[in-house]
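Text of final.txt, listed as compact mmCIF, C-alpha atoms and all ligand atoms:
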# COMPACT_ATOMS: atom_id res chain seq x y z
CA MET B 171 -47.89 -177.00 -26.17
CA ALA B 172 -45.88 -179.36 -23.95
CA GLN B 173 -44.35 -180.97 -27.02
CA ALA B 174 -43.30 -177.60 -28.43
CA SER B 175 -41.60 -176.52 -25.23
CA ARG B 176 -39.75 -179.83 -24.97
CA THR B 177 -38.36 -179.32 -28.47
CA GLU B 178 -37.49 -175.74 -27.65
CA THR B 179 -35.71 -176.77 -24.49
CA GLY B 180 -33.74 -179.31 -26.49
CA ILE B 181 -32.68 -176.69 -29.01
CA PHE B 182 -31.91 -174.23 -26.27
CA ALA B 183 -29.71 -176.70 -24.41
CA ASP B 184 -27.43 -177.16 -27.45
CA LEU B 185 -27.45 -173.56 -28.49
CA GLY B 186 -27.02 -172.40 -24.92
CA GLU B 187 -23.79 -174.34 -24.67
CA GLU B 188 -22.64 -173.01 -28.03
CA ILE B 189 -23.26 -169.43 -26.89
CA ARG B 190 -21.52 -170.01 -23.56
CA ASN B 191 -18.47 -171.44 -25.34
CA LEU B 192 -18.45 -168.56 -27.77
CA ALA B 193 -18.69 -165.97 -24.99
CA ALA B 194 -15.83 -167.61 -23.10
CA LYS B 195 -13.34 -167.26 -25.98
CA PRO B 196 -10.54 -164.80 -25.20
CA ASN B 197 -11.07 -162.98 -28.51
CA VAL B 198 -14.73 -162.48 -27.76
CA ARG B 199 -13.74 -161.19 -24.30
CA SER B 200 -11.38 -158.69 -25.98
CA ALA B 201 -14.22 -157.50 -28.17
CA TYR B 202 -16.38 -157.11 -25.03
CA ALA B 203 -13.60 -155.02 -23.48
CA TRP B 204 -13.52 -152.76 -26.53
CA PHE B 205 -17.27 -152.17 -26.21
CA LEU B 206 -16.49 -150.52 -22.85
CA SER B 207 -13.22 -148.78 -23.70
CA GLY B 208 -14.52 -147.67 -27.10
CA GLU B 209 -17.63 -145.98 -25.72
CA ALA B 210 -16.19 -142.46 -26.16
CA GLN B 211 -15.47 -143.34 -29.80
CA LEU B 212 -19.02 -144.63 -30.28
CA VAL B 213 -20.50 -141.43 -28.82
CA GLY B 214 -18.15 -139.40 -31.01
CA TRP B 215 -19.34 -141.19 -34.16
CA GLN B 216 -22.94 -140.85 -33.13
CA LEU B 217 -22.66 -137.08 -32.57
CA GLU B 218 -20.74 -136.63 -35.81
CA LEU B 219 -23.13 -138.57 -38.01
CA ALA B 220 -26.24 -137.00 -36.45
CA GLN B 221 -24.91 -133.63 -37.60
CA ILE B 222 -24.96 -134.76 -41.23
CA PRO B 223 -28.48 -134.27 -42.60
CA ALA B 224 -30.03 -137.43 -44.03
CA PRO B 225 -33.60 -136.69 -45.11
CA PRO B 226 -35.38 -139.29 -47.25
CA PHE B 227 -33.76 -139.22 -50.72
CA GLY B 228 -31.03 -136.91 -49.39
CA GLU B 229 -28.63 -139.33 -47.72
CA ARG B 230 -25.61 -138.74 -49.96
CA ALA B 231 -23.38 -136.87 -47.48
CA ARG B 232 -24.04 -139.37 -44.72
CA SER B 233 -23.50 -142.23 -47.15
CA GLU B 234 -20.04 -140.81 -47.97
CA TRP B 235 -19.22 -140.39 -44.28
CA LEU B 236 -20.15 -144.02 -43.58
CA LEU B 237 -18.12 -145.26 -46.52
CA GLU B 238 -15.06 -143.54 -45.00
CA ARG B 239 -15.71 -145.22 -41.63
CA PHE B 240 -16.09 -148.64 -43.30
CA LEU B 241 -12.72 -148.13 -45.00
CA GLN B 242 -11.10 -147.10 -41.71
CA HIS B 243 -12.17 -150.30 -40.00
CA GLY B 244 -10.56 -152.78 -42.32
CA LEU B 245 -13.67 -153.87 -44.17
CA GLN B 246 -13.09 -155.12 -47.69
CA ASP B 247 -14.81 -154.44 -51.01
CA VAL B 248 -16.13 -151.19 -49.50
CA HIS B 249 -18.40 -149.50 -52.01
CA ALA B 250 -21.74 -147.77 -52.45
CA ASP B 251 -24.41 -148.87 -54.90
CA GLU B 252 -26.40 -146.54 -57.17
CA VAL B 253 -28.96 -145.61 -54.50
CA GLY B 254 -26.34 -144.88 -51.83
CA ASN B 255 -26.34 -148.09 -49.78
CA VAL B 256 -22.82 -148.62 -48.38
CA PHE B 257 -21.32 -152.12 -48.20
CA GLY B 258 -18.23 -153.57 -46.55
CA ILE B 259 -17.20 -157.17 -46.04
CA ARG B 260 -15.35 -158.91 -43.24
CA PRO B 261 -14.23 -162.03 -45.10
CA GLY B 262 -15.05 -165.59 -44.10
CA VAL B 263 -14.43 -168.98 -45.68
CA ILE B 264 -17.82 -169.87 -47.18
CA ASP B 265 -19.82 -167.82 -49.67
CA LYS B 266 -23.04 -167.25 -47.69
CA PHE B 267 -23.15 -163.96 -45.80
CA VAL B 268 -24.45 -162.93 -42.44
CA ALA B 269 -25.65 -159.38 -43.18
CA VAL B 270 -25.85 -156.70 -40.50
CA SER B 271 -27.48 -153.46 -41.55
CA ALA B 272 -28.56 -150.12 -40.14
CA HIS B 273 -30.54 -147.48 -41.99
CA MET B 274 -28.88 -144.08 -42.32
CA ASP B 275 -31.89 -141.94 -43.29
CA THR B 276 -33.98 -139.91 -40.88
CA VAL B 277 -37.58 -138.69 -41.00
CA PHE B 278 -36.43 -135.07 -40.82
CA PRO B 279 -36.79 -133.00 -43.99
CA ALA B 280 -33.87 -131.05 -45.44
CA GLY B 281 -33.33 -127.82 -43.54
CA THR B 282 -34.39 -129.20 -40.16
CA PRO B 283 -32.16 -127.54 -37.52
CA LEU B 284 -29.91 -130.33 -36.22
CA ASN B 285 -29.07 -129.04 -32.80
CA VAL B 286 -27.02 -132.11 -31.85
CA ARG B 287 -25.51 -131.90 -28.37
CA ARG B 288 -24.41 -133.86 -25.38
CA GLN B 289 -25.59 -133.34 -21.82
CA GLY B 290 -24.01 -135.80 -19.41
CA ALA B 291 -24.76 -139.35 -20.53
CA ARG B 292 -27.45 -138.12 -22.89
CA LEU B 293 -27.17 -137.15 -26.52
CA TYR B 294 -29.87 -134.94 -27.98
CA GLY B 295 -30.77 -134.25 -31.59
CA PRO B 296 -33.03 -135.40 -34.42
CA GLY B 297 -32.05 -138.93 -35.47
CA VAL B 298 -29.53 -139.36 -32.66
CA SER B 299 -31.23 -142.60 -31.60
CA ASP B 300 -33.12 -143.58 -34.78
CA ASN B 301 -30.88 -144.50 -36.29
CA GLY B 302 -27.75 -143.04 -34.65
CA ALA B 303 -27.87 -145.91 -32.16
CA GLY B 304 -28.08 -148.55 -34.90
CA LEU B 305 -25.30 -146.99 -36.97
CA ALA B 306 -23.03 -146.59 -33.93
CA ALA B 307 -23.60 -150.26 -33.09
CA LEU B 308 -22.81 -151.24 -36.69
CA LEU B 309 -19.52 -149.30 -36.59
CA GLY B 310 -18.79 -150.59 -33.08
CA LEU B 311 -19.16 -154.16 -34.30
CA ALA B 312 -16.80 -153.51 -37.23
CA ALA B 313 -14.26 -151.78 -34.98
CA ALA B 314 -14.34 -154.50 -32.32
CA LEU B 315 -13.98 -157.28 -34.90
CA GLU B 316 -11.10 -155.45 -36.55
CA ARG B 317 -9.14 -155.68 -33.30
CA VAL B 318 -9.57 -159.40 -32.64
CA PRO B 319 -8.40 -162.31 -34.80
CA ILE B 320 -11.72 -164.16 -34.84
CA GLU B 321 -12.22 -166.11 -38.05
CA THR B 322 -15.81 -166.75 -39.01
CA LEU B 323 -17.05 -169.35 -41.47
CA ALA B 324 -19.55 -167.02 -43.05
CA PRO B 325 -18.29 -163.62 -44.16
CA ILE B 326 -20.03 -160.71 -42.46
CA LEU B 327 -21.63 -158.16 -44.74
CA PHE B 328 -21.88 -154.70 -43.17
CA ILE B 329 -24.52 -152.46 -44.73
CA ALA B 330 -25.52 -148.87 -44.04
CA ASN B 331 -28.63 -148.43 -46.13
CA VAL B 332 -30.81 -145.61 -47.37
CA GLY B 333 -34.57 -145.22 -47.51
CA GLU B 334 -36.09 -146.88 -44.47
CA GLU B 335 -38.26 -144.04 -43.19
CA GLY B 336 -41.57 -142.71 -44.52
CA GLU B 337 -41.54 -142.02 -48.23
CA GLY B 338 -38.21 -143.84 -48.50
CA ASP B 339 -40.52 -146.86 -48.42
CA LEU B 340 -37.68 -149.35 -47.77
CA ARG B 341 -36.06 -148.47 -51.10
CA GLY B 342 -32.55 -149.20 -49.80
CA MET B 343 -33.43 -152.69 -48.67
CA ARG B 344 -35.50 -153.30 -51.80
CA GLN B 345 -32.45 -152.43 -53.90
CA ILE B 346 -30.23 -154.84 -51.94
CA PHE B 347 -32.63 -157.74 -52.29
CA SER B 348 -33.24 -157.07 -55.96
CA ASP B 349 -29.51 -157.47 -56.62
CA ARG B 350 -28.76 -161.11 -57.41
CA ARG B 351 -25.34 -160.82 -55.78
CA TRP B 352 -26.96 -160.23 -52.38
CA LEU B 353 -30.27 -161.98 -52.91
CA ASP B 354 -28.53 -165.27 -53.53
CA SER B 355 -25.86 -164.94 -50.87
CA ILE B 356 -27.38 -163.45 -47.70
CA ALA B 357 -28.23 -166.36 -45.42
CA TYR B 358 -29.18 -164.32 -42.34
CA HIS B 359 -29.99 -160.65 -42.03
CA VAL B 360 -29.74 -158.71 -38.76
CA VAL B 361 -31.23 -155.21 -38.85
CA LEU B 362 -30.05 -152.74 -36.20
CA ASP B 363 -32.70 -150.09 -35.67
CA GLY B 364 -32.84 -147.60 -32.82
CA ALA B 365 -31.81 -148.04 -29.21
CA GLY B 366 -32.56 -150.78 -26.69
CA ASN B 367 -32.15 -154.49 -26.08
CA ASP B 368 -35.72 -155.41 -25.21
CA THR B 369 -37.30 -156.23 -28.54
CA ILE B 370 -36.89 -158.74 -31.34
CA VAL B 371 -38.86 -157.82 -34.44
CA THR B 372 -39.55 -161.02 -36.34
CA GLU B 373 -42.92 -160.08 -37.73
CA ALA B 374 -43.14 -157.49 -40.45
CA LEU B 375 -46.07 -155.12 -40.22
CA GLY B 376 -47.37 -154.48 -43.70
CA SER B 377 -48.71 -151.13 -44.80
CA ARG B 378 -50.05 -149.42 -47.87
CA ARG B 379 -50.33 -145.70 -48.34
CA PHE B 380 -52.37 -143.84 -50.89
CA GLU B 381 -52.88 -140.41 -52.31
CA VAL B 382 -56.52 -140.11 -53.37
CA ILE B 383 -57.25 -137.29 -55.80
CA VAL B 384 -60.66 -136.12 -57.03
CA ARG B 385 -60.75 -133.70 -59.95
CA GLY B 386 -63.56 -131.68 -61.49
CA PRO B 387 -64.18 -128.81 -63.87
CA GLY B 388 -63.93 -126.14 -61.17
CA GLY B 389 -65.55 -122.76 -61.66
CA HIS B 390 -67.01 -119.67 -60.06
CA SER B 391 -69.02 -120.25 -56.92
CA TRP B 392 -71.92 -118.14 -58.24
CA SER B 393 -71.93 -118.34 -62.01
CA ASP B 394 -70.92 -122.02 -62.25
CA PHE B 395 -73.02 -123.15 -59.34
CA GLY B 396 -74.07 -126.74 -59.76
CA ALA B 397 -70.73 -127.97 -61.09
CA PRO B 398 -69.58 -131.10 -59.25
CA ASN B 399 -67.37 -130.25 -56.29
CA PRO B 400 -64.26 -132.40 -55.66
CA ILE B 401 -64.14 -131.35 -51.98
CA VAL B 402 -67.71 -132.48 -51.46
CA ALA B 403 -67.00 -135.74 -53.30
CA LEU B 404 -63.90 -136.32 -51.18
CA ALA B 405 -65.83 -135.53 -48.01
CA ARG B 406 -68.45 -138.08 -49.04
CA ALA B 407 -65.65 -140.61 -49.62
CA VAL B 408 -64.16 -139.88 -46.19
CA ALA B 409 -67.55 -140.30 -44.54
CA GLY B 410 -68.13 -143.57 -46.40
CA PHE B 411 -64.68 -144.95 -45.69
CA ALA B 412 -64.89 -144.03 -42.01
CA GLN B 413 -67.92 -146.35 -41.71
CA VAL B 414 -65.94 -149.41 -42.79
CA PRO B 415 -65.38 -151.69 -39.78
CA VAL B 416 -61.83 -152.90 -39.08
CA PRO B 417 -61.08 -156.06 -37.12
CA ILE B 418 -59.36 -155.89 -33.73
CA SER B 419 -57.66 -159.16 -34.56
CA PRO B 420 -55.74 -159.38 -36.82
CA LYS B 421 -55.00 -155.82 -35.80
CA THR B 422 -55.83 -153.52 -38.69
CA THR B 423 -55.80 -149.75 -38.76
CA CYS B 424 -56.52 -146.97 -41.18
CA ASN B 425 -55.82 -143.26 -41.02
CA ILE B 426 -56.64 -140.26 -43.14
CA GLY B 427 -53.66 -138.12 -42.28
CA VAL B 428 -53.65 -135.26 -44.77
CA ILE B 429 -56.43 -133.55 -46.66
CA ARG B 430 -55.95 -130.79 -49.22
CA GLY B 431 -57.91 -128.98 -51.89
CA GLY B 432 -59.37 -125.82 -53.27
CA THR B 433 -57.97 -122.41 -53.99
CA SER B 434 -60.36 -119.78 -52.64
CA VAL B 435 -63.64 -119.43 -50.83
CA ASN B 436 -65.50 -118.31 -53.96
CA SER B 437 -64.12 -120.96 -56.34
CA ILE B 438 -65.49 -124.39 -56.98
CA PRO B 439 -62.30 -126.40 -56.51
CA GLU B 440 -60.66 -128.18 -59.40
CA SER B 441 -59.22 -130.83 -57.16
CA ALA B 442 -59.11 -132.23 -53.65
CA SER B 443 -56.91 -134.94 -52.24
CA MET B 444 -56.25 -136.99 -49.15
CA ARG B 445 -53.52 -139.29 -47.88
CA VAL B 446 -54.52 -142.61 -46.42
CA ASP B 447 -52.45 -145.07 -44.41
CA ILE B 448 -53.67 -148.67 -44.03
CA ARG B 449 -51.83 -151.16 -41.81
CA SER B 450 -52.44 -154.68 -40.78
CA THR B 451 -50.72 -157.77 -39.54
CA SER B 452 -52.64 -159.53 -42.32
CA SER B 453 -52.10 -158.67 -45.97
CA ARG B 454 -55.63 -159.91 -46.71
CA GLU B 455 -57.05 -157.25 -44.39
CA ILE B 456 -54.96 -154.59 -46.11
CA GLU B 457 -56.34 -155.66 -49.46
CA GLY B 458 -59.88 -155.75 -48.08
CA LEU B 459 -59.60 -152.26 -46.67
CA GLU B 460 -58.07 -150.92 -49.87
CA HIS B 461 -61.00 -152.40 -51.76
CA ALA B 462 -63.46 -150.76 -49.33
CA MET B 463 -61.68 -147.43 -49.82
CA ARG B 464 -61.97 -147.72 -53.60
CA MET B 465 -65.67 -148.61 -53.31
CA ALA B 466 -66.33 -145.64 -50.99
CA LEU B 467 -64.56 -143.34 -53.45
CA ASP B 468 -66.50 -144.64 -56.48
CA ARG B 469 -69.76 -144.26 -54.63
CA ALA B 470 -68.88 -140.76 -53.45
CA VAL B 471 -67.97 -139.58 -56.95
CA GLU B 472 -71.18 -141.04 -58.34
CA GLU B 473 -73.29 -139.42 -55.61
CA GLU B 474 -71.68 -136.02 -56.05
CA SER B 475 -72.05 -136.23 -59.84
CA ARG B 476 -75.74 -137.05 -59.43
CA ALA B 477 -76.21 -134.28 -56.88
CA ALA B 478 -74.47 -131.83 -59.22
CA GLU B 479 -76.81 -132.71 -62.05
CA ALA B 480 -79.78 -132.22 -59.76
CA ARG B 481 -78.67 -128.77 -58.60
CA SER B 482 -77.61 -127.43 -61.99
CA SER B 483 -80.52 -125.82 -63.79
CA GLY B 484 -81.08 -126.22 -67.51
CA PRO B 485 -80.04 -128.89 -70.00
CA ARG B 486 -76.30 -128.13 -69.87
CA ARG B 487 -74.38 -131.42 -69.42
CA LEU B 488 -71.71 -130.94 -66.76
CA PRO B 489 -68.21 -132.34 -67.17
CA ASP B 490 -67.67 -135.29 -64.90
CA LEU B 491 -65.65 -135.74 -61.78
CA SER B 492 -62.73 -138.09 -61.99
CA ALA B 493 -60.87 -139.87 -59.24
CA GLU B 494 -57.40 -141.30 -59.07
CA ILE B 495 -55.67 -143.39 -56.43
CA VAL B 496 -51.88 -143.34 -56.37
CA VAL B 497 -50.02 -145.87 -54.21
CA ILE B 498 -47.37 -143.81 -52.38
CA GLY B 499 -46.15 -146.52 -50.04
CA ASN B 500 -46.22 -150.28 -49.98
CA ARG B 501 -44.38 -152.22 -47.32
CA PRO B 502 -44.83 -155.93 -47.62
CA GLY B 503 -45.70 -157.90 -44.50
CA GLY B 504 -44.37 -161.28 -43.49
CA GLU B 505 -43.03 -163.24 -40.61
CA LEU B 506 -40.20 -165.47 -39.63
CA PRO B 507 -41.13 -169.12 -40.14
CA ALA B 508 -41.46 -171.14 -36.92
CA GLY B 509 -38.24 -172.86 -35.92
CA SER B 510 -36.01 -170.32 -37.65
CA ARG B 511 -32.44 -170.52 -36.48
CA ILE B 512 -32.00 -166.76 -36.20
CA LEU B 513 -34.78 -166.51 -33.59
CA GLU B 514 -33.46 -169.47 -31.64
CA VAL B 515 -29.99 -167.96 -31.59
CA ILE B 516 -31.11 -164.54 -30.36
CA ARG B 517 -33.20 -166.21 -27.65
CA ALA B 518 -30.24 -168.30 -26.55
CA VAL B 519 -28.07 -165.15 -26.54
CA ASP B 520 -30.64 -163.30 -24.43
CA LEU B 521 -30.87 -166.22 -22.02
CA HIS B 522 -27.08 -166.26 -21.72
CA LEU B 523 -26.89 -162.48 -21.14
CA GLY B 524 -29.85 -162.47 -18.76
CA ASN B 525 -31.58 -160.05 -21.11
CA ALA B 526 -35.38 -159.95 -21.30
CA ALA B 527 -36.66 -159.27 -24.81
CA GLN B 528 -40.02 -159.68 -26.48
CA VAL B 529 -40.89 -160.69 -29.99
CA GLN B 530 -42.69 -157.85 -31.73
CA ARG B 531 -44.31 -156.92 -34.98
CA ALA B 532 -43.21 -153.67 -36.57
CA SER B 533 -42.37 -152.10 -39.87
CA THR B 534 -38.60 -152.10 -40.36
CA ASP B 535 -36.01 -152.85 -43.02
CA ALA B 536 -36.53 -156.52 -42.07
CA ASN B 537 -39.91 -156.37 -43.89
CA ILE B 538 -38.13 -156.95 -47.20
CA PRO B 539 -36.15 -160.12 -46.35
CA LEU B 540 -39.05 -161.41 -44.20
CA SER B 541 -41.50 -160.93 -47.08
CA LEU B 542 -39.13 -163.04 -49.21
CA GLY B 543 -39.21 -165.83 -46.63
CA ARG B 544 -35.66 -165.11 -45.44
CA GLU B 545 -34.25 -165.44 -41.93
CA ALA B 546 -34.16 -161.84 -40.70
CA LEU B 547 -34.95 -159.83 -37.61
CA ALA B 548 -34.54 -156.33 -36.24
CA ILE B 549 -33.07 -155.49 -32.84
CA GLY B 550 -31.86 -152.33 -31.14
CA GLY B 551 -28.31 -151.04 -30.90
CA GLY B 552 -28.29 -150.93 -27.07
CA GLY B 553 -28.58 -148.02 -24.66
CA THR B 554 -31.92 -146.28 -24.33
CA GLY B 555 -33.62 -143.68 -26.43
CA GLY B 556 -36.79 -141.64 -26.69
CA GLY B 557 -38.60 -138.84 -28.46
CA VAL B 558 -37.99 -140.71 -31.69
CA HIS B 559 -39.15 -138.83 -34.83
CA THR B 560 -39.31 -135.56 -32.86
CA LEU B 561 -36.85 -132.69 -32.51
CA GLN B 562 -36.50 -133.68 -28.83
CA GLU B 563 -35.06 -137.08 -29.71
CA TRP B 564 -32.46 -138.37 -27.22
CA PHE B 565 -30.15 -141.32 -26.62
CA ASP B 566 -28.58 -142.46 -23.38
CA SER B 567 -25.58 -144.73 -23.79
CA THR B 568 -25.66 -146.12 -20.24
CA GLY B 569 -25.32 -149.89 -20.51
CA ARG B 570 -24.86 -149.82 -24.28
CA ASP B 571 -22.27 -152.59 -24.05
CA LEU B 572 -25.01 -155.13 -23.25
CA GLY B 573 -26.64 -154.37 -26.59
CA LEU B 574 -23.29 -154.66 -28.35
CA ARG B 575 -22.44 -157.99 -26.72
CA ARG B 576 -25.87 -159.22 -27.77
CA ILE B 577 -25.27 -158.21 -31.40
CA LEU B 578 -21.75 -159.68 -31.42
CA LEU B 579 -22.85 -163.06 -30.03
CA LEU B 580 -25.80 -163.22 -32.43
CA VAL B 581 -23.66 -162.44 -35.47
CA LEU B 582 -20.81 -164.78 -34.48
CA ALA B 583 -23.17 -167.66 -33.68
CA LEU B 584 -24.94 -167.21 -37.03
CA ALA B 585 -21.65 -166.98 -38.92
CA GLY B 586 -19.96 -169.83 -37.05
CA LEU B 587 -16.28 -169.87 -36.11
CA SER B 588 -13.82 -171.52 -38.44
CA HIS B 589 -11.82 -173.04 -35.57
ZN ZN C 601 -35.34 -146.50 -37.60
Once you've parsed the file, please lay out its structure as structure tokens.
Ligand SMILES: [Zn+2]
Amino acid sequence: MAQASRTETGIFADLGEEIRNLAAKPNVRSAYAWFLSGEAQLVGWQLELAQIPAPPFGERARSEWLLERFLQHGLQDVHADEVGNVFGIRPGVIDKFVAVSAHMDTVFPAGTPLNVRRQGARLYGPGVSDNGAGLAALLGLAAALERVPIETLAPILFIANVGEEGEGDLRGMRQIFSDRRWLDSIAYHVVLDGAGNDTIVTEALGSRRFEVIVRGPGGHSWSDFGAPNPIVALARAVAGFAQVPVPISPKTTCNIGVIRGGTSVNSIPESASMRVDIRSTSSREIEGLEHAMRMALDRAVEEESRAAEARSSGPRRLPDLSAEIVVIGNRPGGELPAGSRILEVIRAVDLHLGNAAQVQRASTDANIPLSLGREALAIGGGGTGGGVHTLQEWFDSTGRDLGLRRILLLVLALAGLSH
């Protein structure tokens, strides 16, 4: 323990000086000044983008809007890929990038009323904070850097990506890291997600989601009585699965969130289904729980088939029940290796800014680079927010400049200055 903190102090001393020097540069001061004077612009962007619907798999209009903003702020090689991720580069002198990204999708389905409005220092509206705050910070960083002649060693890759939320299942980030151009060239990846300055997500919470479907022959409740019943089989599976113990540490959770099935009160249903969410800080626990779910389902189908045979009179052989499990979500877990530079830099930045932040585990876009063993983390875009994923979502920009200074120092320290 003592040894570790001595090493840390040593690293901090060097990095601390580096951050102090960086923060003292006149160009960095000018960028700081823009974070204050540009606040009205940031709020304007945030209100404008929150009014463009961006449901999972429906981000096109917002993607186009972001591409326009990237072009306006002097980024180079501005383009969108085939899934709608938008890229722009602030050039450097080496060929390894520092990537900064913010997801553009929201959890709100198409047709959700987007009553985006401003009341005093507060903005209200679905997605105004998650990820309006992250996107505003991303644009703020581009705009501030456009105004100051800071030359970085590493080029900075700005990304507004699709598919972070829910059924998006990190598809935007998956696409980026499956492209050799980016996979081989992103040295550090900073994810901007939501409001705040008080967290550093370096540990990726893994999750797997399933649709479990049981099917049977169906029939009339009276004349086909005895036929195996998918709802009963599913209920047996739920009861069995609910008995499976989950460890407190590593924290592991499971949820049956949706259950469906049947057509009418006097029909033996032809199918029944449920949606299951399993999460854990340990991928082994996720696998274990998935296995337990599959066992509970097999047993339930077998029991219901046997019970159906017992209650059906006569020699008639009943058609069997069948069960299917479809993986509808799979977010890989992972964590930043000890001694990673990106974590040391953000800690040194926080120390310099007098900002208190805690390392956390969550499911974010950083799951993808972290699962690949890359240096990545997720932080907030500053300000404060609440009611996330509800229609009452809000964002308060008071003190947002602290979050922006934090992002700027982190990105510049990772990229290095060329002189
Ligand atoms: Zn988010």
Report task. For ligand ZN 601 (chain C), collect every residue having any atom at a distance of at most 7 Å from a ligand atom (counting only C-alpha atoms and all ligand atoms); output as a count of residues only. Result -> 7
Requested in this report: Check the smallest atom-to-atom distance from each of B:Ala365, B:Leu311, B:Val408, B:Ile326 to Gly556 in chain B using all atoms listed in the file, then report the winner.
Outcome: B:Ala365
Query - Å distance separating CA of Leu327 in chain B from CA of Ala269 in chain B, one decimal place - result: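 Spanning CA of Leu327 in chain B to CA of Ala269 in chain B is a straight-line distance of 4.5 Å.
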Query raised in the report: Quick one: of B:Gln242, B:Ser233, B:Ser419, B:Ser377, who's nearest to Val497 in chain B, counting all atoms listed in the file?
Result: B:Ser377
Using only C-alpha atoms, collect all residues at a distance of at most 9 Å from (-56.0, -128.0, -49.9) as written in the file, then present them as a PDB file with C-alpha atoms, in the frame of the given file.
ATOM      1  CA  ILE B 429     -56.430-133.550 -46.660  1.00  0.00           C
ATOM      2  CA  ARG B 430     -55.950-130.790 -49.220  1.00  0.00           C
ATOM      3  CA  GLY B 431     -57.910-128.980 -51.890  1.00  0.00           C
ATOM      4  CA  GLY B 432     -59.370-125.820 -53.270  1.00  0.00           C
ATOM      5  CA  THR B 433     -57.970-122.410 -53.990  1.00  0.00           C
ATOM      6  CA  SER B 441     -59.220-130.830 -57.160  1.00  0.00           C
ATOM      7  CA  ALA B 442     -59.110-132.230 -53.650  1.00  0.00           C
ATOM      8  CA  SER B 443     -56.910-134.940 -52.240  1.00  0.00           C
TER       9      SER B 443
END
Near range 461-476 of chain B, counting only C-alpha atoms, which residues have an atom at most 10 Å away, once you skip same-chain residues fewer than 2 positions from it, shown as a PDB file with C-alpha atoms, in the coordinates of the input?
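Result file is part-v8.pdb:
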ATOM      1  CA  VAL B 382     -56.520-140.110 -53.370  1.00  0.00           C
ATOM      2  CA  ILE B 383     -57.250-137.290 -55.800  1.00  0.00           C
ATOM      3  CA  VAL B 384     -60.660-136.120 -57.030  1.00  0.00           C
ATOM      4  CA  ARG B 385     -60.750-133.700 -59.950  1.00  0.00           C
ATOM      5  CA  GLY B 386     -63.560-131.680 -61.490  1.00  0.00           C
ATOM      6  CA  GLY B 396     -74.070-126.740 -59.760  1.00  0.00           C
ATOM      7  CA  ALA B 397     -70.730-127.970 -61.090  1.00  0.00           C
ATOM      8  CA  PRO B 398     -69.580-131.100 -59.250  1.00  0.00           C
ATOM      9  CA  ASN B 399     -67.370-130.250 -56.290  1.00  0.00           C
ATOM     10  CA  PRO B 400     -64.260-132.400 -55.660  1.00  0.00           C
ATOM     11  CA  ILE B 401     -64.140-131.350 -51.980  1.00  0.00           C
ATOM     12  CA  VAL B 402     -67.710-132.480 -51.460  1.00  0.00           C
ATOM     13  CA  ALA B 403     -67.000-135.740 -53.300  1.00  0.00           C
ATOM     14  CA  LEU B 404     -63.900-136.320 -51.180  1.00  0.00           C
ATOM     15  CA  ALA B 405     -65.830-135.530 -48.010  1.00  0.00           C
ATOM     16  CA  ARG B 406     -68.450-138.080 -49.040  1.00  0.00           C
ATOM     17  CA  ALA B 407     -65.650-140.610 -49.620  1.00  0.00           C
ATOM     18  CA  VAL B 408     -64.160-139.880 -46.190  1.00  0.00           C
ATOM     19  CA  ALA B 409     -67.550-140.300 -44.540  1.00  0.00           C
ATOM     20  CA  GLY B 410     -68.130-143.570 -46.400  1.00  0.00           C
ATOM     21  CA  PHE B 411     -64.680-144.950 -45.690  1.00  0.00           C
ATOM     22  CA  ALA B 412     -64.890-144.030 -42.010  1.00  0.00           C
ATOM     23  CA  GLN B 413     -67.920-146.350 -41.710  1.00  0.00           C
ATOM     24  CA  VAL B 414     -65.940-149.410 -42.790  1.00  0.00           C
ATOM     25  CA  PRO B 415     -65.380-151.690 -39.780  1.00  0.00           C
ATOM     26  CA  VAL B 446     -54.520-142.610 -46.420  1.00  0.00           C
ATOM     27  CA  ILE B 448     -53.670-148.670 -44.030  1.00  0.00           C
ATOM     28  CA  GLU B 455     -57.050-157.250 -44.390  1.00  0.00           C
ATOM     29  CA  ILE B 456     -54.960-154.590 -46.110  1.00  0.00           C
ATOM     30  CA  GLU B 457     -56.340-155.660 -49.460  1.00  0.00           C
ATOM     31  CA  GLY B 458     -59.880-155.750 -48.080  1.00  0.00           C
ATOM     32  CA  LEU B 459     -59.600-152.260 -46.670  1.00  0.00           C
ATOM     33  CA  ALA B 478     -74.470-131.830 -59.220  1.00  0.00           C
ATOM     34  CA  GLU B 479     -76.810-132.710 -62.050  1.00  0.00           C
ATOM     35  CA  ALA B 480     -79.780-132.220 -59.760  1.00  0.00           C
ATOM     36  CA  ARG B 481     -78.670-128.770 -58.600  1.00  0.00           C
ATOM     37  CA  LEU B 488     -71.710-130.940 -66.760  1.00  0.00           C
ATOM     38  CA  PRO B 489     -68.210-132.340 -67.170  1.00  0.00           C
ATOM     39  CA  ASP B 490     -67.670-135.290 -64.900  1.00  0.00           C
ATOM     40  CA  LEU B 491     -65.650-135.740 -61.780  1.00  0.00           C
ATOM     41  CA  SER B 492     -62.730-138.090 -61.990  1.00  0.00           C
ATOM     42  CA  ALA B 493     -60.870-139.870 -59.240  1.00  0.00           C
ATOM     43  CA  GLU B 494     -57.400-141.300 -59.070  1.00  0.00           C
ATOM     44  CA  ILE B 495     -55.670-143.390 -56.430  1.00  0.00           C
TER      45      ILE B 495
END
Requested in this report: Find, counting all atoms listed in the file, the residue in B:Gln562, B:Thr372, B:Glu321, B:Ala313 that gets nearest to Arg287 in chain B.
Outcome: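 Smallest distance to Arg287 in chain B is found for B:Gln562.
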Requested in this report: Quick one: pull the distance between CA of Val286 in chain B and CA of Pro223 in chain B, Å, one decimal.
Outcome: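 Rounded to one decimal, the two atoms are 11.1 Å apart.
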